[in-house]
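Just model_9.txt here, compact mmCIF, N, CA and C atoms:
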```txt
# COMPACT_ATOMS: atom_id res chain seq x y z
N MET W 1 154.25 114.12 54.90
CA MET W 1 153.14 115.04 54.90
C MET W 1 153.40 116.21 53.97
N GLY W 2 154.66 116.61 53.84
CA GLY W 2 155.01 117.72 52.97
C GLY W 2 154.70 117.41 51.51
N GLY W 3 154.81 116.13 51.10
CA GLY W 3 154.54 115.76 49.72
C GLY W 3 153.09 115.97 49.33
N ILE W 4 152.19 115.60 50.20
CA ILE W 4 150.76 115.76 49.93
C ILE W 4 150.41 117.25 49.88
N TYR W 5 150.98 118.02 50.78
CA TYR W 5 150.73 119.45 50.81
C TYR W 5 151.18 120.10 49.51
N GLU W 6 152.36 119.72 49.04
CA GLU W 6 152.88 120.28 47.79
C GLU W 6 152.00 119.91 46.60
N ILE W 7 151.55 118.67 46.56
CA ILE W 7 150.66 118.23 45.47
C ILE W 7 149.37 119.04 45.50
N PHE W 8 148.80 119.19 46.68
CA PHE W 8 147.56 119.96 46.82
C PHE W 8 147.78 121.41 46.40
N ARG W 9 148.90 121.98 46.83
CA ARG W 9 149.20 123.37 46.51
C ARG W 9 149.35 123.56 44.99
N GLU W 10 149.96 122.60 44.31
CA GLU W 10 150.12 122.69 42.87
C GLU W 10 148.79 122.48 42.14
N ALA W 11 147.92 121.64 42.68
CA ALA W 11 146.64 121.33 42.03
C ALA W 11 145.55 122.35 42.33
N LEU W 12 145.77 123.21 43.31
CA LEU W 12 144.75 124.15 43.74
C LEU W 12 144.20 125.03 42.60
N PRO W 13 145.03 125.60 41.73
CA PRO W 13 144.47 126.42 40.63
C PRO W 13 143.56 125.60 39.71
N GLU W 14 143.91 124.34 39.46
CA GLU W 14 143.07 123.50 38.62
C GLU W 14 141.76 123.16 39.33
N ILE W 15 141.81 122.94 40.62
CA ILE W 15 140.60 122.66 41.39
C ILE W 15 139.67 123.86 41.35
N ILE W 16 140.21 125.03 41.57
CA ILE W 16 139.41 126.25 41.54
C ILE W 16 138.82 126.47 40.16
N ALA W 17 139.61 126.26 39.10
CA ALA W 17 139.11 126.42 37.73
C ALA W 17 137.96 125.45 37.47
N GLY W 18 138.09 124.23 37.94
CA GLY W 18 137.03 123.24 37.76
C GLY W 18 135.75 123.65 38.48
N LEU W 19 135.89 124.20 39.67
CA LEU W 19 134.72 124.67 40.42
C LEU W 19 134.05 125.85 39.72
N VAL W 20 134.85 126.73 39.14
CA VAL W 20 134.29 127.87 38.41
C VAL W 20 133.52 127.38 37.19
N VAL W 21 134.09 126.43 36.44
CA VAL W 21 133.41 125.87 35.27
C VAL W 21 132.10 125.21 35.69
N ALA W 22 132.13 124.46 36.77
CA ALA W 22 130.91 123.79 37.25
C ALA W 22 129.85 124.81 37.65
N ALA W 23 130.25 125.90 38.29
CA ALA W 23 129.30 126.93 38.69
C ALA W 23 128.68 127.60 37.46
N ILE W 24 129.49 127.88 36.46
CA ILE W 24 128.99 128.50 35.22
C ILE W 24 128.01 127.56 34.53
N LEU W 25 128.35 126.29 34.43
CA LEU W 25 127.45 125.32 33.81
C LEU W 25 126.13 125.24 34.56
N ALA W 26 126.18 125.29 35.87
CA ALA W 26 124.95 125.24 36.66
C ALA W 26 124.09 126.47 36.41
N LEU W 27 124.71 127.64 36.34
CA LEU W 27 123.95 128.87 36.10
C LEU W 27 123.32 128.87 34.71
N VAL W 28 124.05 128.44 33.71
CA VAL W 28 123.50 128.36 32.36
C VAL W 28 122.35 127.36 32.32
N GLY W 29 122.52 126.23 32.99
CA GLY W 29 121.46 125.22 33.03
C GLY W 29 120.20 125.76 33.68
N VAL W 30 120.35 126.51 34.75
CA VAL W 30 119.19 127.09 35.43
C VAL W 30 118.49 128.08 34.50
N ALA W 31 119.27 128.90 33.80
CA ALA W 31 118.68 129.89 32.88
C ALA W 31 117.91 129.20 31.76
N VAL W 32 118.50 128.14 31.19
CA VAL W 32 117.83 127.42 30.10
C VAL W 32 116.55 126.77 30.61
N ARG W 33 116.62 126.12 31.74
CA ARG W 33 115.42 125.45 32.27
C ARG W 33 114.34 126.47 32.64
N LYS W 34 114.74 127.59 33.20
CA LYS W 34 113.78 128.62 33.58
C LYS W 34 113.07 129.15 32.34
N ARG W 35 113.83 129.42 31.29
CA ARG W 35 113.25 129.93 30.03
C ARG W 35 112.36 128.86 29.40
N ALA W 36 112.82 127.61 29.39
CA ALA W 36 112.04 126.52 28.80
C ALA W 36 110.74 126.32 29.57
N ASN W 37 110.78 126.41 30.89
CA ASN W 37 109.56 126.27 31.70
C ASN W 37 108.59 127.41 31.43
N LYS W 38 109.12 128.60 31.23
CA LYS W 38 108.27 129.75 30.95
C LYS W 38 107.55 129.56 29.61
N VAL W 39 108.29 129.11 28.61
CA VAL W 39 107.70 128.87 27.29
C VAL W 39 106.69 127.73 27.38
N ALA W 40 107.04 126.67 28.09
CA ALA W 40 106.16 125.51 28.21
C ALA W 40 104.87 125.89 28.93
N SER W 41 104.95 126.69 29.97
CA SER W 41 103.76 127.05 30.72
C SER W 41 102.84 127.96 29.90
N SER W 42 103.40 128.71 28.97
CA SER W 42 102.56 129.58 28.15
C SER W 42 101.77 128.79 27.12
N HIS W 43 102.18 127.54 26.86
CA HIS W 43 101.49 126.69 25.88
C HIS W 43 100.90 125.45 26.54
N GLN W 44 100.68 125.50 27.83
CA GLN W 44 100.30 124.32 28.60
C GLN W 44 98.95 123.75 28.20
N ASN W 45 97.96 124.55 27.91
CA ASN W 45 96.61 124.05 27.66
C ASN W 45 96.33 123.78 26.19
N VAL W 46 97.33 123.79 25.34
CA VAL W 46 97.12 123.57 23.92
C VAL W 46 97.41 122.11 23.60
N PRO W 47 96.44 121.37 23.01
CA PRO W 47 96.71 119.97 22.65
C PRO W 47 97.83 119.89 21.62
N PRO W 48 98.68 118.84 21.68
CA PRO W 48 99.82 118.74 20.78
C PRO W 48 99.43 118.71 19.31
N SER W 49 98.23 118.20 18.96
CA SER W 49 97.86 118.06 17.56
C SER W 49 97.32 119.35 16.96
N SER W 50 96.99 120.34 17.81
CA SER W 50 96.44 121.58 17.26
C SER W 50 97.55 122.62 17.13
N PRO W 51 97.43 123.49 16.13
CA PRO W 51 98.44 124.55 16.00
C PRO W 51 98.41 125.47 17.20
N LEU W 52 99.55 125.98 17.57
CA LEU W 52 99.63 126.90 18.69
C LEU W 52 99.02 128.24 18.31
N PRO W 53 98.33 128.88 19.24
CA PRO W 53 97.80 130.19 18.92
C PRO W 53 98.95 131.15 18.66
N CYS W 54 98.83 131.90 17.62
CA CYS W 54 99.93 132.78 17.24
C CYS W 54 99.37 134.13 16.85
N THR W 55 99.06 134.95 17.82
CA THR W 55 98.47 136.25 17.53
C THR W 55 99.53 137.23 17.03
N LYS W 56 100.75 137.04 17.45
CA LYS W 56 101.84 137.92 17.03
C LYS W 56 102.96 137.06 16.43
N PRO W 57 102.95 136.83 15.11
CA PRO W 57 103.95 135.95 14.52
C PRO W 57 105.38 136.41 14.79
N GLN W 58 105.62 137.71 14.80
CA GLN W 58 106.97 138.20 15.03
C GLN W 58 107.44 137.87 16.45
N SER W 59 106.56 138.01 17.44
CA SER W 59 106.99 137.72 18.80
C SER W 59 107.22 136.23 18.97
N LYS W 60 106.43 135.38 18.29
CA LYS W 60 106.61 133.93 18.36
C LYS W 60 107.96 133.56 17.74
N LYS W 61 108.27 134.18 16.63
CA LYS W 61 109.55 133.91 15.97
C LYS W 61 110.71 134.38 16.87
N LYS W 62 110.53 135.52 17.51
CA LYS W 62 111.56 136.03 18.42
C LYS W 62 111.72 135.11 19.62
N GLU W 63 110.59 134.62 20.15
CA GLU W 63 110.61 133.71 21.29
C GLU W 63 111.37 132.42 20.93
N ASN W 64 111.09 131.88 19.74
CA ASN W 64 111.79 130.68 19.29
C ASN W 64 113.28 130.94 19.11
N ALA W 65 113.62 132.12 18.59
CA ALA W 65 115.02 132.47 18.39
C ALA W 65 115.75 132.56 19.74
N GLU W 66 115.09 133.13 20.74
CA GLU W 66 115.70 133.22 22.08
C GLU W 66 115.89 131.83 22.68
N LEU W 67 114.89 130.98 22.53
CA LEU W 67 114.99 129.62 23.06
C LEU W 67 116.10 128.85 22.34
N LEU W 68 116.18 129.02 21.03
CA LEU W 68 117.24 128.37 20.26
C LEU W 68 118.61 128.83 20.73
N ASP W 69 118.75 130.12 20.98
CA ASP W 69 120.02 130.66 21.47
C ASP W 69 120.38 130.07 22.84
N LEU W 70 119.41 129.99 23.75
CA LEU W 70 119.67 129.41 25.07
C LEU W 70 120.08 127.94 24.97
N LYS W 71 119.41 127.20 24.11
CA LYS W 71 119.74 125.78 23.95
C LYS W 71 121.13 125.61 23.34
N HIS W 72 121.48 126.47 22.38
CA HIS W 72 122.84 126.42 21.81
C HIS W 72 123.89 126.71 22.88
N ARG W 73 123.61 127.71 23.72
CA ARG W 73 124.56 128.06 24.79
C ARG W 73 124.72 126.90 25.77
N ARG W 74 123.61 126.30 26.18
CA ARG W 74 123.67 125.17 27.11
C ARG W 74 124.42 124.01 26.49
N LEU W 75 124.12 123.71 25.22
CA LEU W 75 124.81 122.62 24.52
C LEU W 75 126.32 122.88 24.49
N HIS W 76 126.70 124.11 24.19
CA HIS W 76 128.12 124.45 24.13
C HIS W 76 128.80 124.22 25.48
N GLU W 77 128.15 124.64 26.56
CA GLU W 77 128.73 124.45 27.89
C GLU W 77 128.84 122.97 28.25
N LEU W 78 127.82 122.19 27.90
CA LEU W 78 127.88 120.75 28.18
C LEU W 78 128.96 120.07 27.34
N GLN W 79 129.15 120.51 26.12
CA GLN W 79 130.21 119.94 25.29
C GLN W 79 131.58 120.28 25.86
N LYS W 80 131.73 121.49 26.43
CA LYS W 80 133.00 121.83 27.09
C LYS W 80 133.21 120.93 28.30
N LYS W 81 132.14 120.70 29.07
CA LYS W 81 132.24 119.84 30.24
C LYS W 81 132.62 118.42 29.82
N LYS W 82 132.01 117.93 28.74
CA LYS W 82 132.33 116.60 28.22
C LYS W 82 133.80 116.53 27.80
N ALA W 83 134.28 117.58 27.17
CA ALA W 83 135.67 117.60 26.73
C ALA W 83 136.63 117.58 27.93
N LEU W 84 136.26 118.30 28.99
CA LEU W 84 137.11 118.34 30.18
C LEU W 84 137.10 117.00 30.92
N MET W 85 135.94 116.36 30.98
CA MET W 85 135.80 115.14 31.78
C MET W 85 136.17 113.88 30.99
N GLY W 86 136.11 113.96 29.67
CA GLY W 86 136.48 112.81 28.84
C GLY W 86 135.63 111.59 29.13
N ILE W 87 136.29 110.47 29.36
CA ILE W 87 135.59 109.21 29.58
C ILE W 87 134.79 109.20 30.88
N ASN W 88 135.08 110.11 31.79
CA ASN W 88 134.38 110.18 33.07
C ASN W 88 133.13 111.05 33.02
N THR W 89 132.71 111.46 31.83
CA THR W 89 131.52 112.28 31.68
C THR W 89 130.30 111.51 32.18
N PRO W 90 129.51 112.10 33.09
CA PRO W 90 128.33 111.40 33.62
C PRO W 90 127.29 111.15 32.52
N PRO W 91 126.55 110.05 32.62
CA PRO W 91 125.54 109.73 31.62
C PRO W 91 124.49 110.83 31.45
N GLU W 92 124.14 111.51 32.55
CA GLU W 92 123.13 112.55 32.44
C GLU W 92 123.58 113.70 31.55
N VAL W 93 124.88 113.97 31.52
CA VAL W 93 125.42 115.01 30.64
C VAL W 93 125.30 114.55 29.19
N MET W 94 125.65 113.29 28.93
CA MET W 94 125.56 112.75 27.58
C MET W 94 124.11 112.77 27.08
N ILE W 95 123.18 112.38 27.96
CA ILE W 95 121.77 112.35 27.58
C ILE W 95 121.26 113.76 27.30
N GLU W 96 121.64 114.72 28.14
CA GLU W 96 121.19 116.09 27.93
C GLU W 96 121.76 116.66 26.63
N ILE W 97 122.99 116.31 26.29
CA ILE W 97 123.57 116.75 25.02
C ILE W 97 122.73 116.22 23.86
N GLU W 98 122.39 114.92 23.91
CA GLU W 98 121.57 114.32 22.85
C GLU W 98 120.21 115.01 22.75
N GLU W 99 119.57 115.26 23.89
CA GLU W 99 118.26 115.90 23.90
C GLU W 99 118.33 117.33 23.36
N LEU W 100 119.37 118.06 23.75
CA LEU W 100 119.53 119.42 23.25
C LEU W 100 119.76 119.44 21.74
N GLU W 101 120.54 118.48 21.24
CA GLU W 101 120.76 118.41 19.80
C GLU W 101 119.45 118.16 19.05
N LYS W 102 118.60 117.26 19.59
CA LYS W 102 117.29 117.00 18.97
C LYS W 102 116.41 118.25 19.04
N ASP W 103 116.39 118.89 20.21
CA ASP W 103 115.57 120.10 20.37
C ASP W 103 116.00 121.20 19.41
N ILE W 104 117.32 121.39 19.30
CA ILE W 104 117.85 122.43 18.41
C ILE W 104 117.47 122.13 16.97
N HIS W 105 117.60 120.87 16.57
CA HIS W 105 117.24 120.48 15.21
C HIS W 105 115.76 120.78 14.94
N GLU W 106 114.90 120.44 15.89
CA GLU W 106 113.46 120.68 15.73
C GLU W 106 113.14 122.18 15.73
N LEU W 107 113.79 122.94 16.61
CA LEU W 107 113.57 124.39 16.63
C LEU W 107 114.01 125.03 15.32
N GLU W 108 115.12 124.55 14.77
CA GLU W 108 115.58 125.09 13.49
C GLU W 108 114.60 124.76 12.37
N ARG W 109 114.00 123.55 12.43
CA ARG W 109 112.99 123.17 11.44
C ARG W 109 111.78 124.10 11.56
N ILE W 110 111.35 124.35 12.79
CA ILE W 110 110.21 125.25 13.01
C ILE W 110 110.55 126.65 12.55
N ASP W 111 111.77 127.09 12.80
CA ASP W 111 112.19 128.43 12.39
C ASP W 111 112.13 128.56 10.87
N ARG W 112 112.54 127.50 10.17
CA ARG W 112 112.51 127.53 8.70
C ARG W 112 111.09 127.44 8.16
N ASN W 113 110.30 126.49 8.68
CA ASN W 113 109.00 126.17 8.10
C ASN W 113 107.82 126.67 8.90
N GLY W 114 108.02 126.93 10.17
CA GLY W 114 106.90 127.30 11.02
C GLY W 114 106.20 126.11 11.63
N TYR W 115 106.50 124.91 11.13
CA TYR W 115 105.85 123.71 11.64
C TYR W 115 106.87 122.59 11.75
N GLY W 116 106.57 121.65 12.65
CA GLY W 116 107.42 120.47 12.82
C GLY W 116 107.00 119.39 11.84
N ARG W 117 107.27 118.15 12.18
CA ARG W 117 106.89 117.02 11.35
C ARG W 117 105.39 116.88 11.26
N ASN W 118 104.91 116.32 10.18
CA ASN W 118 103.48 116.06 9.95
C ASN W 118 102.64 117.32 9.99
N GLY W 119 103.23 118.47 9.74
CA GLY W 119 102.47 119.71 9.71
C GLY W 119 102.01 120.20 11.07
N GLU W 120 102.53 119.63 12.16
CA GLU W 120 102.13 120.04 13.50
C GLU W 120 103.23 120.86 14.13
N ARG W 121 102.82 121.80 14.94
CA ARG W 121 103.80 122.56 15.71
C ARG W 121 104.39 121.64 16.76
N SER W 122 105.67 121.74 16.97
CA SER W 122 106.33 120.87 17.93
C SER W 122 106.29 121.47 19.31
N THR W 123 105.74 120.74 20.29
CA THR W 123 105.76 121.24 21.67
C THR W 123 107.07 120.91 22.34
N ARG W 124 107.73 119.82 21.96
CA ARG W 124 109.01 119.44 22.55
C ARG W 124 110.07 120.49 22.26
N ALA W 125 110.14 120.91 21.01
CA ALA W 125 111.17 121.89 20.64
C ALA W 125 110.92 123.24 21.28
N GLN W 126 109.70 123.52 21.68
CA GLN W 126 109.42 124.80 22.29
C GLN W 126 109.56 124.78 23.80
N GLY W 127 110.19 123.71 24.31
CA GLY W 127 110.55 123.68 25.72
C GLY W 127 109.56 122.95 26.61
N ALA W 128 108.61 122.22 26.03
CA ALA W 128 107.60 121.56 26.86
C ALA W 128 108.04 120.20 27.33
N HIS W 129 109.26 119.80 27.05
CA HIS W 129 109.66 118.44 27.46
C HIS W 129 110.28 118.43 28.80
```
As structure tokens, the full file:
Amino acid sequence: MGGIYEIFREALPEIIAGLVVAAILALVGVAVRKRANKVASSHQNVPPSSPLPCTKPQSKKKENAELLDLKHRRLHELQKKKALMGINTPPEVMIEIEELEKDIHELERIDRNGYGRNGERSTRAQGAH
């Protein structure tokens, strides 16, 4: 019984560190989803083929920059989680990494050009997915 206790005692700091990382990832995920839902709800009634109403171009650009920053932060945290878990990384983490990379690419395109592919504003990149 002493052997198991010693192993647990030695592993305890790593267990606590893992729980802290998981808690941080969860908080960042909640913040990203909350921000994405807020952006998505503000554009809910706009058909995907029509340009988004943009009464204040500077605020729209700032909003996109904030969303891009949140997505970069979430992607970074998921990549750290993937690095820690290695081959045991859950599929949902891998899928979210892929989706975030696509969203970031599209947001950067919108930031450069103001429009997504085919001259349409992208609703996916603005958090509506």
*From the list W:Leu70, W:Leu12, W:Ile95, W:Leu100, which residue is nearest W:Arg33 when using all atoms listed in the file?*
W:Leu70
*W:Glu77, W:Glu96, W:Glu108, W:Asp69: which is nearest W:Ile24, counting only N, CA and C atoms?*
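Nearest to W:Ile24: W:Glu77.
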*Could you state the separation of atom N of W:Ile97 and atom CA of W:Lys82 in Å, given to one decimal place?*
9.5 Å
_Selected residue, from W:Val32, W:Met94, W:Val20, W:Ile87, that lies nearest to W:Leu67 when counting all atoms listed in the file_ = W:Val32
*Between W:Ala36, W:Leu107, W:Val28, W:Ala23, which one has atoms that come closest to W:His76, using only C-alpha atoms?*
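Once distances to W:His76 are computed over only C-alpha atoms, the minimum belongs to W:Val28.
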*May I ask for the distance between atom CA of W:Leu27 and atom CA of W:Glu63, given in Å to one decimal place?*
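If I compute the distance from atom CA of W:Leu27 to atom CA of W:Glu63, I get 20.5 Å.
The spacing separating atom CA of W:Asn64 from atom C of W:Gln79 amounts to 23.3 Å.
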_Selected residue, from W:Lys71, W:Lys38, W:Lys60, W:Arg9, that lies nearest to W:Lys102 when counting only C-alpha atoms_ = W:Lys71
*So which one's closest to W:Ala22, W:Glu99, W:Thr89, W:Lys81, W:Leu68? Using only N, CA and C atoms, please.*
W:Lys81
